[in-house]
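Encoded as structure tokens, the structure appears first; notes follow it.
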Amino acid sequence: MTPDRFFSLLLALQTREAVTAADLADRLGVSVRTVLRDLRWLQEAGFPVLVERGRWGGVTLLPGGALDTSRLTPAERDHLALHGLDDEQRHQLGAGAESRRARAKVAARPQPATSRLPISAVVTTDNRPWFGRDAEGADPSAVVGDVRRGVRLRIRYRRSEEVEPAWQVVDPYGLLAKAGRWYLVADRSGVPRLYALERLVDWRPMRAPRRLRPGTTLADVVTELTSRWETVDAVRVHARLAARQLDRAGRILGSRLTVRSREGEEVTITVACREIEDVRQLLPFADDLTVTDPPEARDRIRELAARILHRYAQDPSGRSGS
């Protein structure tokens with residue numbers, strides 16, 4: 001359990017006499033299974049947490065287990081309520097100092113001595129992606145200041161397939177930190193979108209208040225967008241892959257990869273893509289992968305391979321080889 005989730009969970013238990021595991025999962029943005037595991041950890045650590053199962057059951061923090069939040073300022077309470085961010089991301093928001101002060105002020109009762117090593121001594125976290133680049137584009141701490149004003153934003157944004165950025169007007173819900181990157185979550189003409197801050201060239205707050213869809217929250221929009229990305233299957237690309245590359249394919253393609261069958265040293269796979277252009281993600285497997293269907297995916301792979309061959313038929317100065 002990360003420190004921020006630890007505090008968020010105890011604060012949630014402290015503010016209500018009884019709450020269900022499902023309510024806690026929704027508040028913390030994790031699964032019910034994760035909440036139950038965290039509650040079991042709190043019980044084993046000596047916190048008086050009562051978990052009653054069944055239709056009329058719930059989770060209760062008994063007297064003696066509450067956190068002392070009386071010394072927290074409103075700003076420190078606000079930052080302590082943030083969950084899912086590591087120290088670096090809190091620093092990027094300009095919230096690092098207040099978060100540290102809040103954690104230092106909050107003190108739980110001393111826990112019983114145990115012969116086991118502290119969990120903090122044997123578990124560490126790092127949510128940055130492998131080989132991640134240094135932060136580029138807009139500064140999250142600068143963007144969040146204008147987002148908190150509750151106004152529309154005029155942003156200058158460069159899409160991945162565009163060379164020049166373009167201006168557009170959006171209605172911001174807030175920021176999302178995911179997989180080591182920051183995103184602006186906003187509606188454009190009533191349609192929810194994610195804007196990577198690394199491609200946000202410039203922005204201007206407008207005088208008009210933001211126009212959000214009634215009853216829609218930041219968490220609602222994030223769930224809608226991320227679930228759509230993770231379950232998208234607009235194009236299903238079928239291929240044969242060398243079995244020795246299967247583990248690597250799983251790391252690169254994640255849940256988009258489905259293994260259909262295995263024959264000898266090859267496996268038959270299906271990859272869910274948003275569009276045909278996503279077959280570029282299959283190029284790292286070179287001749288260990290053969291796209292079999294659909295025909296337009298094979299054609300695009302063939303075009304990309306021809307362009308690569310043409311590029312390397314030239315010497316570094318750009319002249320064609322003999």
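All residue names refer to the structure tokens as shown: chains lettered A, B, ... in order, residues numbered from 1 in each chain, ligands numbered from 1 in order.
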
Strand (DSSP E) residues, from DSSP on the backbone, in stretch 180-262 of chain A, as JSON, numbers by chain: {"A": [181, 182, 183, 184, 185, 186, 187, 188, 191, 192, 193, 194, 195, 196, 200, 201, 202, 203, 204, 205, 206, 207, 208, 209, 235, 236, 237, 238, 239, 240, 241, 242, 257, 258, 259, 260, 261, 262]}

Filtered DSSP result for stretch 185-270 of chain A, state helix (DSSP H, G or I), as a PyMOL selection string: chain A and resi 197-199+218-231+243-256

For A:Arg40: contacts at 12 Å, only C-alpha atoms, fewer than 4 positions along chain excluded, given as an mmCIF file with all heavy atoms, in the first residue's frame:
```
data_model
loop_
_atom_site.group_PDB
_atom_site.id
_atom_site.type_symbol
_atom_site.label_atom_id
_atom_site.label_comp_id
_atom_site.auth_asym_id
_atom_site.auth_seq_id
_atom_site.Cartn_x
_atom_site.Cartn_y
_atom_site.Cartn_z
ATOM 1 N N MET A 1 0.844 -1.181 0.000
ATOM 2 C CA MET A 1 0.000 0.000 0.000
ATOM 3 C C MET A 1 0.883 1.235 0.000
ATOM 4 O O MET A 1 1.771 1.361 0.820
ATOM 5 C CB MET A 1 -0.902 0.002 1.238
ATOM 6 C CG MET A 1 -1.979 1.084 1.173
ATOM 7 S SD MET A 1 -2.888 1.328 2.745
ATOM 8 C CE MET A 1 -2.895 -0.281 3.462
ATOM 9 N N ALA A 21 -16.928 -1.791 1.336
ATOM 10 C CA ALA A 21 -15.674 -1.932 0.596
ATOM 11 C C ALA A 21 -15.814 -1.356 -0.806
ATOM 12 O O ALA A 21 -14.863 -0.777 -1.348
ATOM 13 C CB ALA A 21 -15.265 -3.409 0.537
ATOM 14 N N ARG A 33 -11.006 -5.819 -4.449
ATOM 15 C CA ARG A 33 -10.014 -6.776 -3.974
ATOM 16 C C ARG A 33 -8.826 -6.053 -3.341
ATOM 17 O O ARG A 33 -8.314 -6.469 -2.298
ATOM 18 C CB ARG A 33 -9.541 -7.666 -5.123
ATOM 19 C CG ARG A 33 -8.482 -8.681 -4.718
ATOM 20 C CD ARG A 33 -8.075 -9.552 -5.878
ATOM 21 N NE ARG A 33 -9.195 -10.338 -6.374
ATOM 22 C CZ ARG A 33 -9.105 -11.198 -7.394
ATOM 23 N NH1 ARG A 33 -7.961 -11.352 -8.023
ATOM 24 N NH2 ARG A 33 -10.164 -11.879 -7.773
ATOM 25 N N THR A 34 -8.387 -4.956 -3.973
ATOM 26 C CA THR A 34 -7.274 -4.180 -3.416
ATOM 27 C C THR A 34 -7.650 -3.572 -2.076
ATOM 28 O O THR A 34 -6.851 -3.571 -1.126
ATOM 29 C CB THR A 34 -6.851 -3.073 -4.400
ATOM 30 O OG1 THR A 34 -6.378 -3.673 -5.616
ATOM 31 C CG2 THR A 34 -5.741 -2.219 -3.820
ATOM 32 N N VAL A 35 -8.874 -3.052 -1.960
ATOM 33 C CA VAL A 35 -9.326 -2.478 -0.690
ATOM 34 C C VAL A 35 -9.334 -3.526 0.409
ATOM 35 O O VAL A 35 -8.873 -3.274 1.537
ATOM 36 C CB VAL A 35 -10.730 -1.859 -0.854
ATOM 37 C CG1 VAL A 35 -11.362 -1.585 0.507
ATOM 38 C CG2 VAL A 35 -10.646 -0.559 -1.644
ATOM 39 N N LEU A 36 -9.848 -4.717 0.113
ATOM 40 C CA LEU A 36 -9.888 -5.779 1.119
ATOM 41 C C LEU A 36 -8.481 -6.179 1.545
ATOM 42 O O LEU A 36 -8.227 -6.442 2.734
ATOM 43 C CB LEU A 36 -10.647 -6.984 0.562
ATOM 44 C CG LEU A 36 -12.151 -6.769 0.337
ATOM 45 C CD1 LEU A 36 -12.769 -7.992 -0.327
ATOM 46 C CD2 LEU A 36 -12.860 -6.440 1.644
ATOM 47 N N GLU A 44 -3.612 -6.358 10.419
ATOM 48 C CA GLU A 44 -2.384 -7.038 10.849
ATOM 49 C C GLU A 44 -1.384 -6.064 11.466
ATOM 50 O O GLU A 44 -0.555 -6.452 12.294
ATOM 51 C CB GLU A 44 -1.754 -7.764 9.657
ATOM 52 C CG GLU A 44 -2.593 -8.932 9.149
ATOM 53 C CD GLU A 44 -2.023 -9.534 7.884
ATOM 54 O OE1 GLU A 44 -1.053 -8.959 7.320
ATOM 55 O OE2 GLU A 44 -2.515 -10.592 7.445
ATOM 56 N N ALA A 45 -1.451 -4.775 11.039
ATOM 57 C CA ALA A 45 -0.547 -3.760 11.579
ATOM 58 C C ALA A 45 -1.023 -3.229 12.931
ATOM 59 O O ALA A 45 -0.336 -2.420 13.559
ATOM 60 C CB ALA A 45 -0.398 -2.600 10.602
ATOM 61 N N GLY A 46 -2.211 -3.676 13.379
ATOM 62 C CA GLY A 46 -2.680 -3.282 14.700
ATOM 63 C C GLY A 46 -3.762 -2.223 14.724
ATOM 64 O O GLY A 46 -4.201 -1.812 15.800
ATOM 65 N N PHE A 47 -4.226 -1.750 13.562
ATOM 66 C CA PHE A 47 -5.301 -0.763 13.549
ATOM 67 C C PHE A 47 -6.628 -1.460 13.843
ATOM 68 O O PHE A 47 -6.905 -2.532 13.286
ATOM 69 C CB PHE A 47 -5.374 -0.057 12.192
ATOM 70 C CG PHE A 47 -4.294 0.963 11.986
ATOM 71 C CD1 PHE A 47 -3.065 0.593 11.457
ATOM 72 C CD2 PHE A 47 -4.499 2.289 12.315
ATOM 73 C CE1 PHE A 47 -2.057 1.525 11.272
ATOM 74 C CE2 PHE A 47 -3.494 3.235 12.126
ATOM 75 C CZ PHE A 47 -2.281 2.850 11.616
ATOM 76 N N PRO A 48 -7.484 -0.858 14.679
ATOM 77 C CA PRO A 48 -8.764 -1.495 15.040
ATOM 78 C C PRO A 48 -9.814 -1.347 13.939
ATOM 79 O O PRO A 48 -10.782 -0.581 14.068
ATOM 80 C CB PRO A 48 -9.167 -0.748 16.321
ATOM 81 C CG PRO A 48 -8.566 0.614 16.150
ATOM 82 C CD PRO A 48 -7.264 0.398 15.425
ATOM 83 N N VAL A 49 -9.630 -2.056 12.871
ATOM 84 C CA VAL A 49 -10.554 -2.017 11.740
ATOM 85 C C VAL A 49 -11.463 -3.238 11.820
ATOM 86 O O VAL A 49 -10.990 -4.378 11.865
ATOM 87 C CB VAL A 49 -9.799 -2.007 10.395
ATOM 88 C CG1 VAL A 49 -10.782 -2.055 9.231
ATOM 89 C CG2 VAL A 49 -8.927 -0.756 10.299
ATOM 90 N N LEU A 50 -12.783 -3.009 11.835
ATOM 91 C CA LEU A 50 -13.760 -4.088 11.888
ATOM 92 C C LEU A 50 -14.399 -4.251 10.515
ATOM 93 O O LEU A 50 -14.967 -3.298 9.973
ATOM 94 C CB LEU A 50 -14.836 -3.769 12.936
ATOM 95 C CG LEU A 50 -15.976 -4.788 13.057
ATOM 96 C CD1 LEU A 50 -15.439 -6.147 13.499
ATOM 97 C CD2 LEU A 50 -17.035 -4.278 14.024
ATOM 98 N N VAL A 51 -14.289 -5.439 9.947
ATOM 99 C CA VAL A 51 -14.871 -5.739 8.631
ATOM 100 C C VAL A 51 -15.964 -6.781 8.824
ATOM 101 O O VAL A 51 -15.698 -7.908 9.253
ATOM 102 C CB VAL A 51 -13.805 -6.266 7.652
ATOM 103 C CG1 VAL A 51 -14.435 -6.566 6.293
ATOM 104 C CG2 VAL A 51 -12.665 -5.255 7.497
ATOM 105 N N VAL A 59 -17.441 -1.622 6.810
ATOM 106 C CA VAL A 59 -16.110 -1.456 7.397
ATOM 107 C C VAL A 59 -16.170 -0.308 8.390
ATOM 108 O O VAL A 59 -16.667 0.780 8.072
ATOM 109 C CB VAL A 59 -15.051 -1.165 6.315
ATOM 110 C CG1 VAL A 59 -13.661 -1.095 6.941
ATOM 111 C CG2 VAL A 59 -15.093 -2.219 5.224
#
```

So which residues touch stretch 193-196 of chain A within 6 Å, counting only C-alpha atoms, skipping near sequence neighbours fewer than 3 positions away, as a PDB file with N, CA, C and O atoms, in the first residue's frame?
```pdb
ATOM      1  N   TYR A 183      -1.762  14.329 -18.254  1.00  0.00           N
ATOM      2  CA  TYR A 183      -2.767  14.605 -19.286  1.00  0.00           C
ATOM      3  C   TYR A 183      -3.750  15.650 -18.778  1.00  0.00           C
ATOM      4  O   TYR A 183      -4.125  15.660 -17.598  1.00  0.00           O
ATOM      5  N   LEU A 184      -4.178  16.528 -19.683  1.00  0.00           N
ATOM      6  CA  LEU A 184      -5.292  17.428 -19.414  1.00  0.00           C
ATOM      7  C   LEU A 184      -6.567  16.696 -19.838  1.00  0.00           C
ATOM      8  O   LEU A 184      -6.671  16.232 -20.977  1.00  0.00           O
ATOM      9  N   VAL A 185      -7.518  16.571 -18.923  1.00  0.00           N
ATOM     10  CA  VAL A 185      -8.800  15.911 -19.204  1.00  0.00           C
ATOM     11  C   VAL A 185      -9.823  17.004 -19.464  1.00  0.00           C
ATOM     12  O   VAL A 185     -10.084  17.841 -18.590  1.00  0.00           O
ATOM     13  N   ALA A 186     -10.402  17.026 -20.658  1.00  0.00           N
ATOM     14  CA  ALA A 186     -11.300  18.127 -21.016  1.00  0.00           C
ATOM     15  C   ALA A 186     -12.300  17.679 -22.070  1.00  0.00           C
ATOM     16  O   ALA A 186     -12.091  16.686 -22.774  1.00  0.00           O
ATOM     17  N   ASP A 187     -13.399  18.419 -22.144  1.00  0.00           N
ATOM     18  CA  ASP A 187     -14.370  18.246 -23.222  1.00  0.00           C
ATOM     19  C   ASP A 187     -14.047  19.225 -24.340  1.00  0.00           C
ATOM     20  O   ASP A 187     -13.705  20.387 -24.072  1.00  0.00           O
ATOM     21  N   ARG A 199       2.587  17.548 -25.351  1.00  0.00           N
ATOM     22  CA  ARG A 199       2.251  18.107 -26.667  1.00  0.00           C
ATOM     23  C   ARG A 199       1.475  19.413 -26.556  1.00  0.00           C
ATOM     24  O   ARG A 199       1.060  19.966 -27.566  1.00  0.00           O
TER      25      ARG A 199
END
```

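Every protein or nucleic acid residue with an atom no more than 8 Å from A:Ala18, counting only C-alpha atoms and leaving out same-chain residues fewer than 2 positions away, appears here: Leu13, Arg16, Thr20, Gly58, Val59, Thr60 and Leu61 of chain A.
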
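You can rank A:Ile308, A:Gly254, A:Ala243, A:Asp278 by their closest distance to A:Glu266 using only C-alpha atoms, and at the top of that list sits A:Ala243.
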
Atomic distance atom CA of A:Arg5 - atom CA of A:Leu253, expressed in Å with one decimal: 28.4 Å

Selected residue of minimal separation from A:Glu224 among A:Pro294, A:Pro205, A:Pro192, A:Gly94, counting only C-alpha atoms: A:Pro192

Atom pair atom CA of A:Ser8 / atom CA of A:Leu24: separation (Å): 9.5 Å

Shell around A:Gly145 at 12 Å using only C-alpha atoms, local window under 3 positions removed, as number ranges by chain: A: 93-95, 139-142, 148-151, 153, 172, 174-175, 203-205

Long-range neighbours of A:Val259 as a PyMOL selection string, 12 Å cut-off, only C-alpha atoms, 2 positions minimum in chain: chain A and resi 237-243+246-247+249-250+253-257+261-263+266-272

Could the residues in this selection be written to a file with C-alpha atoms, as a PDB file, in the first residue's frame?
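Printed below is out_10.pdb as written:
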```
ATOM      1  CA  VAL A 237      -4.815  -7.668 -36.597  1.00  0.00           C
ATOM      2  CA  HIS A 238      -4.008 -11.374 -36.846  1.00  0.00           C
ATOM      3  CA  ALA A 239      -0.414 -12.587 -37.072  1.00  0.00           C
ATOM      4  CA  ARG A 240       2.041 -15.429 -36.508  1.00  0.00           C
ATOM      5  CA  LEU A 241       4.784 -14.762 -33.967  1.00  0.00           C
ATOM      6  CA  ALA A 242       7.924 -16.656 -33.020  1.00  0.00           C
ATOM      7  CA  ALA A 243       7.192 -18.280 -29.643  1.00  0.00           C
ATOM      8  CA  LEU A 246       5.816 -14.018 -26.803  1.00  0.00           C
ATOM      9  CA  ASP A 247       6.940 -12.651 -23.424  1.00  0.00           C
ATOM     10  CA  ALA A 249       5.122  -9.062 -27.053  1.00  0.00           C
ATOM     11  CA  GLY A 250       3.149  -9.268 -23.822  1.00  0.00           C
ATOM     12  CA  LEU A 253       1.270  -4.872 -26.301  1.00  0.00           C
ATOM     13  CA  GLY A 254      -0.271  -5.615 -22.890  1.00  0.00           C
ATOM     14  CA  SER A 255      -3.977  -6.472 -22.816  1.00  0.00           C
ATOM     15  CA  ARG A 256      -4.314  -5.808 -26.540  1.00  0.00           C
ATOM     16  CA  LEU A 257      -2.558  -9.109 -27.238  1.00  0.00           C
ATOM     17  CA  SER A 261      -2.998 -21.101 -30.621  1.00  0.00           C
ATOM     18  CA  ARG A 262       0.501 -22.504 -30.531  1.00  0.00           C
ATOM     19  CA  GLU A 263       2.079 -24.740 -33.144  1.00  0.00           C
ATOM     20  CA  GLU A 266       5.147 -20.229 -33.587  1.00  0.00           C
ATOM     21  CA  VAL A 267       2.057 -18.799 -31.892  1.00  0.00           C
ATOM     22  CA  THR A 268      -1.007 -17.343 -33.579  1.00  0.00           C
ATOM     23  CA  ILE A 269      -1.957 -13.979 -32.052  1.00  0.00           C
ATOM     24  CA  THR A 270      -4.528 -11.223 -32.409  1.00  0.00           C
ATOM     25  CA  VAL A 271      -3.753  -7.577 -31.597  1.00  0.00           C
ATOM     26  CA  ALA A 272      -6.538  -5.034 -30.950  1.00  0.00           C
TER      27      ALA A 272
END
```

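Take atom CA of A:Arg251 and atom CA of A:Gly264: the distance between them is 21.9 Å.
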